[in-house]
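A.B. asks: Handing over model.txt, compact mmCIF, N, CA and C atoms and all ligand atoms.
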# COMPACT_ATOMS: atom_id res chain seq x y z
N MET A 1355 -17.36 5.02 -1.72
CA MET A 1355 -16.21 4.10 -1.67
C MET A 1355 -14.95 4.88 -1.33
N ARG A 1356 -14.74 5.96 -2.09
CA ARG A 1356 -13.55 6.77 -1.87
C ARG A 1356 -13.58 7.39 -0.47
N ARG A 1357 -14.76 7.88 -0.10
CA ARG A 1357 -14.94 8.50 1.21
C ARG A 1357 -14.63 7.49 2.32
N HIS A 1358 -15.10 6.25 2.13
CA HIS A 1358 -14.87 5.21 3.13
C HIS A 1358 -13.37 4.93 3.30
N THR A 1359 -12.68 4.82 2.17
CA THR A 1359 -11.25 4.53 2.21
C THR A 1359 -10.51 5.62 2.97
N THR A 1360 -10.87 6.86 2.67
CA THR A 1360 -10.19 7.98 3.32
C THR A 1360 -10.44 7.95 4.82
N LEU A 1361 -11.68 7.69 5.21
CA LEU A 1361 -12.02 7.68 6.62
C LEU A 1361 -11.27 6.57 7.34
N SER A 1362 -11.24 5.37 6.77
CA SER A 1362 -10.55 4.29 7.49
C SER A 1362 -9.05 4.51 7.54
N THR A 1363 -8.51 5.18 6.55
CA THR A 1363 -7.08 5.50 6.59
C THR A 1363 -6.80 6.44 7.75
N VAL A 1364 -7.68 7.40 7.94
CA VAL A 1364 -7.52 8.36 9.04
C VAL A 1364 -7.63 7.63 10.38
N VAL A 1365 -8.60 6.73 10.48
CA VAL A 1365 -8.78 5.99 11.74
C VAL A 1365 -7.55 5.14 12.02
N ALA A 1366 -7.05 4.44 11.00
CA ALA A 1366 -5.86 3.59 11.18
C ALA A 1366 -4.67 4.43 11.60
N ALA A 1367 -4.51 5.58 10.96
CA ALA A 1367 -3.38 6.45 11.29
C ALA A 1367 -3.50 6.92 12.74
N ALA A 1368 -4.72 7.22 13.17
CA ALA A 1368 -4.93 7.68 14.54
C ALA A 1368 -4.59 6.57 15.52
N LEU A 1369 -4.97 5.32 15.20
CA LEU A 1369 -4.67 4.20 16.08
C LEU A 1369 -3.17 3.98 16.20
N VAL A 1370 -2.49 4.05 15.06
CA VAL A 1370 -1.04 3.86 15.07
C VAL A 1370 -0.40 4.98 15.88
N ALA A 1371 -0.88 6.20 15.70
CA ALA A 1371 -0.33 7.33 16.43
C ALA A 1371 -0.58 7.17 17.92
N ALA A 1372 -1.78 6.73 18.29
CA ALA A 1372 -2.10 6.55 19.70
C ALA A 1372 -1.22 5.47 20.31
N ALA A 1373 -1.02 4.38 19.58
CA ALA A 1373 -0.18 3.29 20.08
C ALA A 1373 1.25 3.78 20.22
N GLY A 1374 1.69 4.57 19.26
CA GLY A 1374 3.05 5.10 19.30
C GLY A 1374 3.27 5.96 20.53
N ALA A 1375 2.24 6.72 20.90
CA ALA A 1375 2.36 7.60 22.06
C ALA A 1375 2.49 6.81 23.35
N LEU A 1376 1.92 5.60 23.38
CA LEU A 1376 1.95 4.79 24.59
C LEU A 1376 3.26 4.03 24.76
N HIS A 1377 3.99 3.87 23.69
CA HIS A 1377 5.19 3.04 23.75
C HIS A 1377 6.42 3.81 23.33
N ALA A 1378 7.51 3.55 24.02
CA ALA A 1378 8.76 4.22 23.71
C ALA A 1378 9.23 3.85 22.30
N ALA A 1379 9.15 2.55 21.95
CA ALA A 1379 9.60 2.12 20.63
C ALA A 1379 8.49 2.40 19.63
N GLU A 1380 8.78 3.23 18.64
CA GLU A 1380 7.79 3.60 17.64
C GLU A 1380 7.80 2.58 16.50
N GLY A 1381 6.62 2.05 16.18
CA GLY A 1381 6.57 1.03 15.13
C GLY A 1381 6.54 1.62 13.74
N ASP A 1382 7.19 0.95 12.82
CA ASP A 1382 7.20 1.36 11.42
C ASP A 1382 6.47 0.26 10.63
N PRO A 1383 5.26 0.56 10.12
CA PRO A 1383 4.47 -0.47 9.45
C PRO A 1383 5.17 -1.09 8.25
N ALA A 1384 5.94 -0.29 7.51
CA ALA A 1384 6.63 -0.82 6.32
C ALA A 1384 7.69 -1.83 6.75
N ALA A 1385 8.43 -1.51 7.80
CA ALA A 1385 9.44 -2.44 8.30
C ALA A 1385 8.76 -3.68 8.87
N GLY A 1386 7.62 -3.47 9.52
CA GLY A 1386 6.89 -4.59 10.10
C GLY A 1386 6.40 -5.56 9.05
N LYS A 1387 5.96 -5.03 7.92
CA LYS A 1387 5.47 -5.89 6.86
C LYS A 1387 6.56 -6.87 6.41
N GLY A 1388 7.79 -6.37 6.33
CA GLY A 1388 8.91 -7.21 5.93
C GLY A 1388 9.21 -8.31 6.94
N LYS A 1389 8.76 -8.13 8.18
CA LYS A 1389 9.05 -9.11 9.23
C LYS A 1389 7.95 -10.16 9.38
N THR A 1390 6.84 -9.97 8.66
CA THR A 1390 5.72 -10.90 8.84
C THR A 1390 5.99 -12.26 8.20
N SER A 1391 7.11 -12.40 7.47
CA SER A 1391 7.40 -13.71 6.88
C SER A 1391 7.51 -14.77 7.98
N MET A 1392 7.85 -14.33 9.20
CA MET A 1392 7.93 -15.25 10.33
C MET A 1392 6.55 -15.63 10.86
N CYS A 1393 5.52 -14.88 10.47
CA CYS A 1393 4.21 -15.02 11.11
C CYS A 1393 3.15 -15.59 10.18
N ILE A 1394 3.30 -15.31 8.87
CA ILE A 1394 2.20 -15.64 7.96
C ILE A 1394 1.98 -17.14 7.82
N GLY A 1395 2.99 -17.94 8.14
CA GLY A 1395 2.82 -19.39 8.07
C GLY A 1395 1.68 -19.85 8.96
N CYS A 1396 1.45 -19.13 10.04
CA CYS A 1396 0.35 -19.50 10.94
C CYS A 1396 -0.76 -18.45 10.91
N HIS A 1397 -0.39 -17.16 10.98
CA HIS A 1397 -1.42 -16.12 11.12
C HIS A 1397 -2.02 -15.67 9.80
N GLY A 1398 -1.45 -16.09 8.67
CA GLY A 1398 -1.93 -15.58 7.39
C GLY A 1398 -3.10 -16.35 6.80
N ILE A 1399 -3.49 -17.44 7.44
CA ILE A 1399 -4.48 -18.33 6.83
C ILE A 1399 -5.79 -18.25 7.60
N GLY A 1400 -6.85 -17.79 6.94
CA GLY A 1400 -8.14 -17.64 7.60
C GLY A 1400 -8.64 -18.97 8.15
N GLY A 1401 -9.03 -18.99 9.42
CA GLY A 1401 -9.60 -20.20 10.01
C GLY A 1401 -8.58 -21.31 10.25
N TYR A 1402 -7.28 -20.96 10.13
CA TYR A 1402 -6.24 -21.99 10.28
C TYR A 1402 -6.09 -22.43 11.73
N LYS A 1403 -5.81 -23.72 11.89
CA LYS A 1403 -5.50 -24.25 13.22
C LYS A 1403 -4.15 -24.94 13.16
N THR A 1404 -3.30 -24.71 14.15
CA THR A 1404 -2.01 -25.41 14.17
C THR A 1404 -2.23 -26.86 14.54
N ALA A 1405 -1.42 -27.74 13.99
CA ALA A 1405 -1.53 -29.16 14.32
C ALA A 1405 -0.55 -29.53 15.42
N PHE A 1406 0.43 -28.64 15.68
CA PHE A 1406 1.46 -28.92 16.68
C PHE A 1406 1.61 -27.69 17.56
N PRO A 1407 1.75 -27.79 18.87
CA PRO A 1407 1.83 -29.04 19.64
C PRO A 1407 0.45 -29.64 19.93
N ALA A 1408 -0.59 -28.92 19.58
CA ALA A 1408 -1.94 -29.45 19.77
C ALA A 1408 -2.80 -28.73 18.76
N VAL A 1409 -3.95 -29.26 18.44
CA VAL A 1409 -4.84 -28.57 17.51
C VAL A 1409 -5.31 -27.29 18.20
N TYR A 1410 -5.02 -26.16 17.58
CA TYR A 1410 -5.16 -24.88 18.25
C TYR A 1410 -5.56 -23.82 17.24
N SER A 1411 -6.56 -23.03 17.54
CA SER A 1411 -6.93 -21.95 16.63
C SER A 1411 -5.89 -20.85 16.67
N VAL A 1412 -5.54 -20.32 15.51
CA VAL A 1412 -4.58 -19.23 15.44
C VAL A 1412 -5.35 -17.92 15.34
N PRO A 1413 -5.15 -17.02 16.29
CA PRO A 1413 -5.91 -15.76 16.24
C PRO A 1413 -5.51 -14.89 15.05
N LYS A 1414 -6.49 -14.12 14.56
CA LYS A 1414 -6.26 -13.20 13.46
C LYS A 1414 -5.60 -11.94 14.02
N LEU A 1415 -4.59 -11.45 13.33
CA LEU A 1415 -3.88 -10.27 13.83
C LEU A 1415 -4.24 -9.00 13.08
N GLY A 1416 -4.62 -9.11 11.79
CA GLY A 1416 -4.90 -7.92 10.98
C GLY A 1416 -6.02 -7.10 11.57
N GLY A 1417 -5.78 -5.81 11.76
CA GLY A 1417 -6.80 -4.92 12.31
C GLY A 1417 -6.78 -4.87 13.82
N GLN A 1418 -5.96 -5.69 14.46
CA GLN A 1418 -5.86 -5.65 15.91
C GLN A 1418 -5.12 -4.36 16.32
N HIS A 1419 -5.39 -3.87 17.52
CA HIS A 1419 -4.70 -2.66 17.97
C HIS A 1419 -3.22 -2.93 18.19
N ALA A 1420 -2.38 -1.98 17.75
CA ALA A 1420 -0.94 -2.16 17.87
C ALA A 1420 -0.52 -2.39 19.33
N ALA A 1421 -1.10 -1.62 20.24
CA ALA A 1421 -0.71 -1.73 21.64
C ALA A 1421 -1.01 -3.12 22.20
N TYR A 1422 -2.12 -3.68 21.73
CA TYR A 1422 -2.51 -5.02 22.18
C TYR A 1422 -1.53 -6.07 21.67
N ILE A 1423 -1.12 -5.94 20.40
CA ILE A 1423 -0.19 -6.91 19.82
C ILE A 1423 1.16 -6.86 20.54
N VAL A 1424 1.66 -5.64 20.79
CA VAL A 1424 2.95 -5.51 21.48
C VAL A 1424 2.85 -6.15 22.87
N LYS A 1425 1.77 -5.87 23.56
CA LYS A 1425 1.58 -6.41 24.91
C LYS A 1425 1.55 -7.95 24.89
N ALA A 1426 0.84 -8.51 23.90
CA ALA A 1426 0.76 -9.97 23.80
C ALA A 1426 2.14 -10.56 23.52
N LEU A 1427 2.89 -9.93 22.59
CA LEU A 1427 4.22 -10.46 22.24
C LEU A 1427 5.16 -10.38 23.45
N GLN A 1428 5.07 -9.28 24.20
CA GLN A 1428 5.92 -9.15 25.39
C GLN A 1428 5.56 -10.22 26.41
N ALA A 1429 4.26 -10.51 26.52
CA ALA A 1429 3.82 -11.52 27.49
C ALA A 1429 4.32 -12.91 27.11
N TYR A 1430 4.39 -13.20 25.79
CA TYR A 1430 4.94 -14.49 25.37
C TYR A 1430 6.44 -14.52 25.67
N LYS A 1431 7.11 -13.40 25.43
CA LYS A 1431 8.56 -13.36 25.64
C LYS A 1431 8.91 -13.56 27.11
N THR A 1432 8.16 -12.94 28.00
CA THR A 1432 8.46 -13.08 29.43
C THR A 1432 7.93 -14.40 30.00
N GLY A 1433 7.03 -15.04 29.26
CA GLY A 1433 6.47 -16.29 29.78
C GLY A 1433 5.15 -16.08 30.49
N ALA A 1434 4.67 -14.82 30.57
CA ALA A 1434 3.38 -14.56 31.20
C ALA A 1434 2.26 -15.24 30.39
N ARG A 1435 2.46 -15.33 29.07
CA ARG A 1435 1.59 -16.16 28.23
C ARG A 1435 2.41 -17.37 27.83
N SER A 1436 1.79 -18.52 27.78
CA SER A 1436 2.61 -19.72 27.72
C SER A 1436 2.51 -20.57 26.46
N HIS A 1437 1.89 -20.10 25.39
CA HIS A 1437 1.81 -20.96 24.20
C HIS A 1437 3.22 -21.23 23.66
N PRO A 1438 3.63 -22.51 23.53
CA PRO A 1438 5.02 -22.82 23.18
C PRO A 1438 5.51 -22.24 21.86
N SER A 1439 4.71 -22.30 20.76
CA SER A 1439 5.21 -21.76 19.50
C SER A 1439 5.41 -20.26 19.60
N MET A 1440 4.43 -19.57 20.18
CA MET A 1440 4.53 -18.12 20.27
C MET A 1440 5.65 -17.70 21.22
N ARG A 1441 5.90 -18.47 22.27
CA ARG A 1441 7.00 -18.13 23.18
C ARG A 1441 8.32 -18.21 22.43
N ALA A 1442 8.48 -19.26 21.61
CA ALA A 1442 9.73 -19.44 20.87
C ALA A 1442 9.93 -18.29 19.88
N ILE A 1443 8.85 -17.86 19.24
CA ILE A 1443 8.95 -16.79 18.26
C ILE A 1443 9.21 -15.44 18.94
N ALA A 1444 8.44 -15.16 19.98
CA ALA A 1444 8.58 -13.87 20.66
C ALA A 1444 9.98 -13.72 21.27
N ALA A 1445 10.58 -14.82 21.67
CA ALA A 1445 11.92 -14.76 22.25
C ALA A 1445 12.94 -14.21 21.27
N THR A 1446 12.66 -14.35 19.96
CA THR A 1446 13.61 -13.87 18.95
C THR A 1446 13.34 -12.41 18.56
N LEU A 1447 12.27 -11.82 19.06
CA LEU A 1447 11.89 -10.46 18.63
C LEU A 1447 12.41 -9.40 19.58
N SER A 1448 12.97 -8.33 19.02
CA SER A 1448 13.36 -7.17 19.84
C SER A 1448 12.13 -6.29 20.06
N ASP A 1449 12.25 -5.30 20.94
CA ASP A 1449 11.14 -4.36 21.16
C ASP A 1449 10.78 -3.66 19.85
N LYS A 1450 11.80 -3.36 19.06
CA LYS A 1450 11.57 -2.67 17.78
C LYS A 1450 10.83 -3.59 16.81
N ASP A 1451 11.22 -4.88 16.77
CA ASP A 1451 10.51 -5.84 15.91
C ASP A 1451 9.04 -5.90 16.30
N MET A 1452 8.78 -5.97 17.60
CA MET A 1452 7.39 -6.06 18.08
C MET A 1452 6.61 -4.81 17.68
N ALA A 1453 7.23 -3.65 17.85
CA ALA A 1453 6.55 -2.40 17.52
C ALA A 1453 6.27 -2.32 16.02
N ASP A 1454 7.23 -2.74 15.20
CA ASP A 1454 7.06 -2.70 13.75
C ASP A 1454 5.95 -3.66 13.31
N LEU A 1455 6.00 -4.87 13.82
CA LEU A 1455 4.99 -5.87 13.46
C LEU A 1455 3.60 -5.39 13.89
N ALA A 1456 3.52 -4.85 15.10
CA ALA A 1456 2.24 -4.37 15.61
C ALA A 1456 1.72 -3.22 14.76
N ALA A 1457 2.62 -2.33 14.36
CA ALA A 1457 2.22 -1.18 13.54
C ALA A 1457 1.69 -1.66 12.20
N TYR A 1458 2.32 -2.69 11.65
CA TYR A 1458 1.84 -3.23 10.37
C TYR A 1458 0.48 -3.90 10.54
N TYR A 1459 0.36 -4.76 11.54
CA TYR A 1459 -0.90 -5.50 11.69
C TYR A 1459 -2.06 -4.56 12.04
N ALA A 1460 -1.77 -3.40 12.60
CA ALA A 1460 -2.82 -2.44 12.95
C ALA A 1460 -3.29 -1.62 11.74
N THR A 1461 -2.58 -1.71 10.62
CA THR A 1461 -2.97 -0.91 9.46
C THR A 1461 -4.18 -1.51 8.74
N ASP A 1462 -4.80 -0.68 7.96
CA ASP A 1462 -5.94 -1.12 7.15
C ASP A 1462 -5.53 -2.16 6.12
N ALA A 1463 -4.33 -2.02 5.58
CA ALA A 1463 -3.85 -2.96 4.56
C ALA A 1463 -3.82 -4.37 5.13
N ALA A 1464 -3.33 -4.51 6.36
CA ALA A 1464 -3.26 -5.82 7.00
C ALA A 1464 -4.65 -6.36 7.26
N LYS A 1465 -5.57 -5.45 7.60
CA LYS A 1465 -6.93 -5.87 7.90
C LYS A 1465 -7.62 -6.41 6.65
N SER A 1466 -7.49 -5.71 5.53
CA SER A 1466 -8.20 -6.17 4.34
C SER A 1466 -7.53 -7.40 3.74
N ALA A 1467 -6.23 -7.62 4.06
CA ALA A 1467 -5.56 -8.84 3.60
C ALA A 1467 -5.94 -10.00 4.52
N ALA A 1468 -6.68 -9.71 5.61
CA ALA A 1468 -7.14 -10.71 6.58
C ALA A 1468 -5.98 -11.52 7.16
N LYS A 1469 -4.88 -10.85 7.40
CA LYS A 1469 -3.72 -11.57 7.95
C LYS A 1469 -3.58 -11.34 9.44
C1 LIG B 1501 3.75 -21.85 14.61
C2 LIG B 1501 2.58 -21.01 14.32
C3 LIG B 1501 2.71 -19.52 14.66
C4 LIG B 1501 3.62 -18.63 14.16
C5 LIG B 1501 4.75 -18.88 13.18
C6 LIG B 1501 3.30 -17.33 14.76
N1 LIG B 1501 2.22 -17.46 15.59
FE1 LIG B 1501 1.40 -16.00 16.73
N2 LIG B 1501 0.11 -17.34 17.55
C7 LIG B 1501 0.01 -18.68 17.20
C8 LIG B 1501 -0.99 -19.32 18.05
C9 LIG B 1501 -1.41 -20.79 17.99
C10 LIG B 1501 -1.49 -18.31 18.91
C11 LIG B 1501 -2.51 -18.45 20.04
C12 LIG B 1501 -1.72 -18.79 21.28
C13 LIG B 1501 -2.42 -18.50 22.58
O1 LIG B 1501 -3.63 -18.68 22.67
O2 LIG B 1501 -1.73 -18.06 23.52
C14 LIG B 1501 -0.78 -17.09 18.56
C15 LIG B 1501 -1.01 -15.87 19.17
C16 LIG B 1501 -0.44 -14.68 18.79
C17 LIG B 1501 -0.76 -13.38 19.35
C18 LIG B 1501 -1.81 -13.10 20.41
C19 LIG B 1501 -3.11 -12.80 19.70
C20 LIG B 1501 -4.29 -12.71 20.60
O3 LIG B 1501 -5.31 -12.16 20.15
O4 LIG B 1501 -4.23 -13.19 21.73
C21 LIG B 1501 0.01 -12.46 18.71
C22 LIG B 1501 0.01 -10.95 18.93
C23 LIG B 1501 0.83 -13.18 17.76
N3 LIG B 1501 0.55 -14.52 17.83
C24 LIG B 1501 1.75 -12.58 16.92
C25 LIG B 1501 2.61 -13.28 16.09
C26 LIG B 1501 3.64 -12.64 15.30
C27 LIG B 1501 3.88 -11.13 15.25
C28 LIG B 1501 4.31 -13.63 14.64
C29 LIG B 1501 5.53 -13.50 13.74
C30 LIG B 1501 6.68 -12.82 14.34
C31 LIG B 1501 3.65 -14.90 15.00
N4 LIG B 1501 2.64 -14.63 15.88
C32 LIG B 1501 3.99 -16.16 14.51
C33 LIG B 1501 0.75 -19.32 16.24
C34 LIG B 1501 1.82 -18.79 15.56
Take the structure in the file and give it back as structure tokens.
C.D. replies:
Amino acid sequence: MRRHTTLSTVVAAALVAAAGALHAAEGDPAAGKGKTSMCIGCHGIGGYKTAFPAVYSVPKLGGQHAAYIVKALQAYKTGARSHPSMRAIAATLSDKDMADLAAYYATDAAKSAAK
């Protein structure tokens, strides 16, 4: 059990470090956790589907790669991805907010919380 925890912490740290190397804005998982209050209403509920603007499955973010999350948020902000709720939310996020949120969601803590 202890060995497993240590190994996954190392893997998570490596992922965060790798994502950080790819992006100019370095994410801070602790800061990101504080920003998830904007996201947990939809992304925090296992198997949740939004009822507006259409019945829609909400993807799970916990354990996702940080680089992938940043890329998805940027795509919503620019309009390359077109989901209306996510476009509205991403429009309010700075590059630093995206990096922090992504760093948090990429951690093991976010994964085991299934958020
Ligand atoms: C109103 C509900 C709602 C809120 C609030 C919300 N999301 Fe989403 N999010 C969704 C839905 C629905 C999708 C799927 C949209 C699509 O398929 O393009 C999504 C997709 C995403 C994706 C792409 C995931 C993937 O695997 O494609 C990311 C990343 C994401 N949201 C991050 C966030 C973050 C970070 C926040 C908080 C700042 C947030 N979302 C707040 C509903 C929401």
A.B. asks: Restricting the calculation to only C-alpha atoms and all ligand atoms: of A:Val1424, A:Leu1415, A:Ala1464, A:Cys1393, which residue gets closest to ligand LIG 1501 (chain B)?
C.D. replies: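 Closest residue, counting only C-alpha atoms and all ligand atoms: A:Cys1393.
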A.B. asks: Quick one: contact table of chain A to ligand LIG 1501 (chain B), 5 Å max, nearest atom pair and distance in Å to one decimal per residue, counting all atoms listed in the file, chain and number order, as JSON lines?
C.D. replies:
{"residue": "A:Met1392", "atom": "C", "partner": "B:LIG1501", "partner_atom": "C29", "distance": 3.7}
{"residue": "A:Cys1393", "atom": "CA", "partner": "B:LIG1501", "partner_atom": "C29", "distance": 3.3}
{"residue": "A:Cys1396", "atom": "CA", "partner": "B:LIG1501", "partner_atom": "C2", "distance": 4.3}
{"residue": "A:Ser1411", "atom": "C", "partner": "B:LIG1501", "partner_atom": "C9", "distance": 4.7}
{"residue": "A:Val1412", "atom": "CA", "partner": "B:LIG1501", "partner_atom": "C9", "distance": 4.4}
{"residue": "A:Pro1413", "atom": "N", "partner": "B:LIG1501", "partner_atom": "C10", "distance": 4.7}
{"residue": "A:Ile1423", "atom": "CA", "partner": "B:LIG1501", "partner_atom": "C22", "distance": 4.1}
{"residue": "A:Leu1427", "atom": "N", "partner": "B:LIG1501", "partner_atom": "C22", "distance": 4.8}
{"residue": "A:His1437", "atom": "N", "partner": "B:LIG1501", "partner_atom": "O2", "distance": 4.6}
A.B. asks: Which residue is closest to Lys1387 in chain A? Choose from A:His1419, A:Ala1463, A:Asp1454, A:Lys1425 and count all atoms listed in the file.
C.D. replies: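 Checking each of A:His1419, A:Ala1463, A:Asp1454, A:Lys1425 against Lys1387 in chain A, counting all atoms listed in the file, the winner is A:Asp1454.
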A.B. asks: So what do you get for atom N of Gly1388 in chain A versus atom C of Ala1434 in chain A, distance-wise?
C.D. replies: 26.2 Å
A.B. asks: To one decimal in Å, tell me the separation between CA of Ala1426 in chain A and CA of Ala1453 in chain A.
C.D. replies: 11.4 Å
A.B. asks: Between CA of Asp1462 in chain A and CA of Ala1429 in chain A, what is the spacing in Å?
C.D. replies: 24.8 Å
A.B. asks: Going by DSSP on the backbone, which bits of range 1387-1457 of chain A are strand (DSSP E or B)? Write them as a list in words, please.
C.D. replies: Lys1403, Thr1404, Tyr1410 and Ser1411 of chain A
A.B. asks: Which residue gives the smallest distance to Gly1433 in chain A among A:Ala1445, A:Ala1460, A:Met1452, A:Ile1394, with only C-alpha atoms counted?
C.D. replies: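 Closest to Gly1433 in chain A of all the choices is A:Ala1445.
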A.B. asks: Once 6 Å is added on each side, what are the centre and the three edge lengths, in Å to one decimal, of the axis-aligned box enclosing the listed atoms of range 1451-1464 of chain A? Present them as JSON.
C.D. replies:
{"center_x": 2.6, "center_y": -3.5, "center_z": 11.3, "size_x": 29.2, "size_y": 17.7, "size_z": 25.5}
A.B. asks: Of the candidates A:His1397, A:Gln1428, A:Tyr1410, A:Gly1416, which one gets nearest to Asp1451 in chain A if we count only C-alpha atoms?
C.D. replies: A:Gln1428
A.B. asks: Looking at only N, CA and C atoms, which of A:Arg1435, A:Ala1421, A:Ala1444, A:Lys1450 is the one that sits closest to Glu1380 in chain A?
C.D. replies: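 Of all the options, A:Lys1450 lies closest to Glu1380 in chain A.
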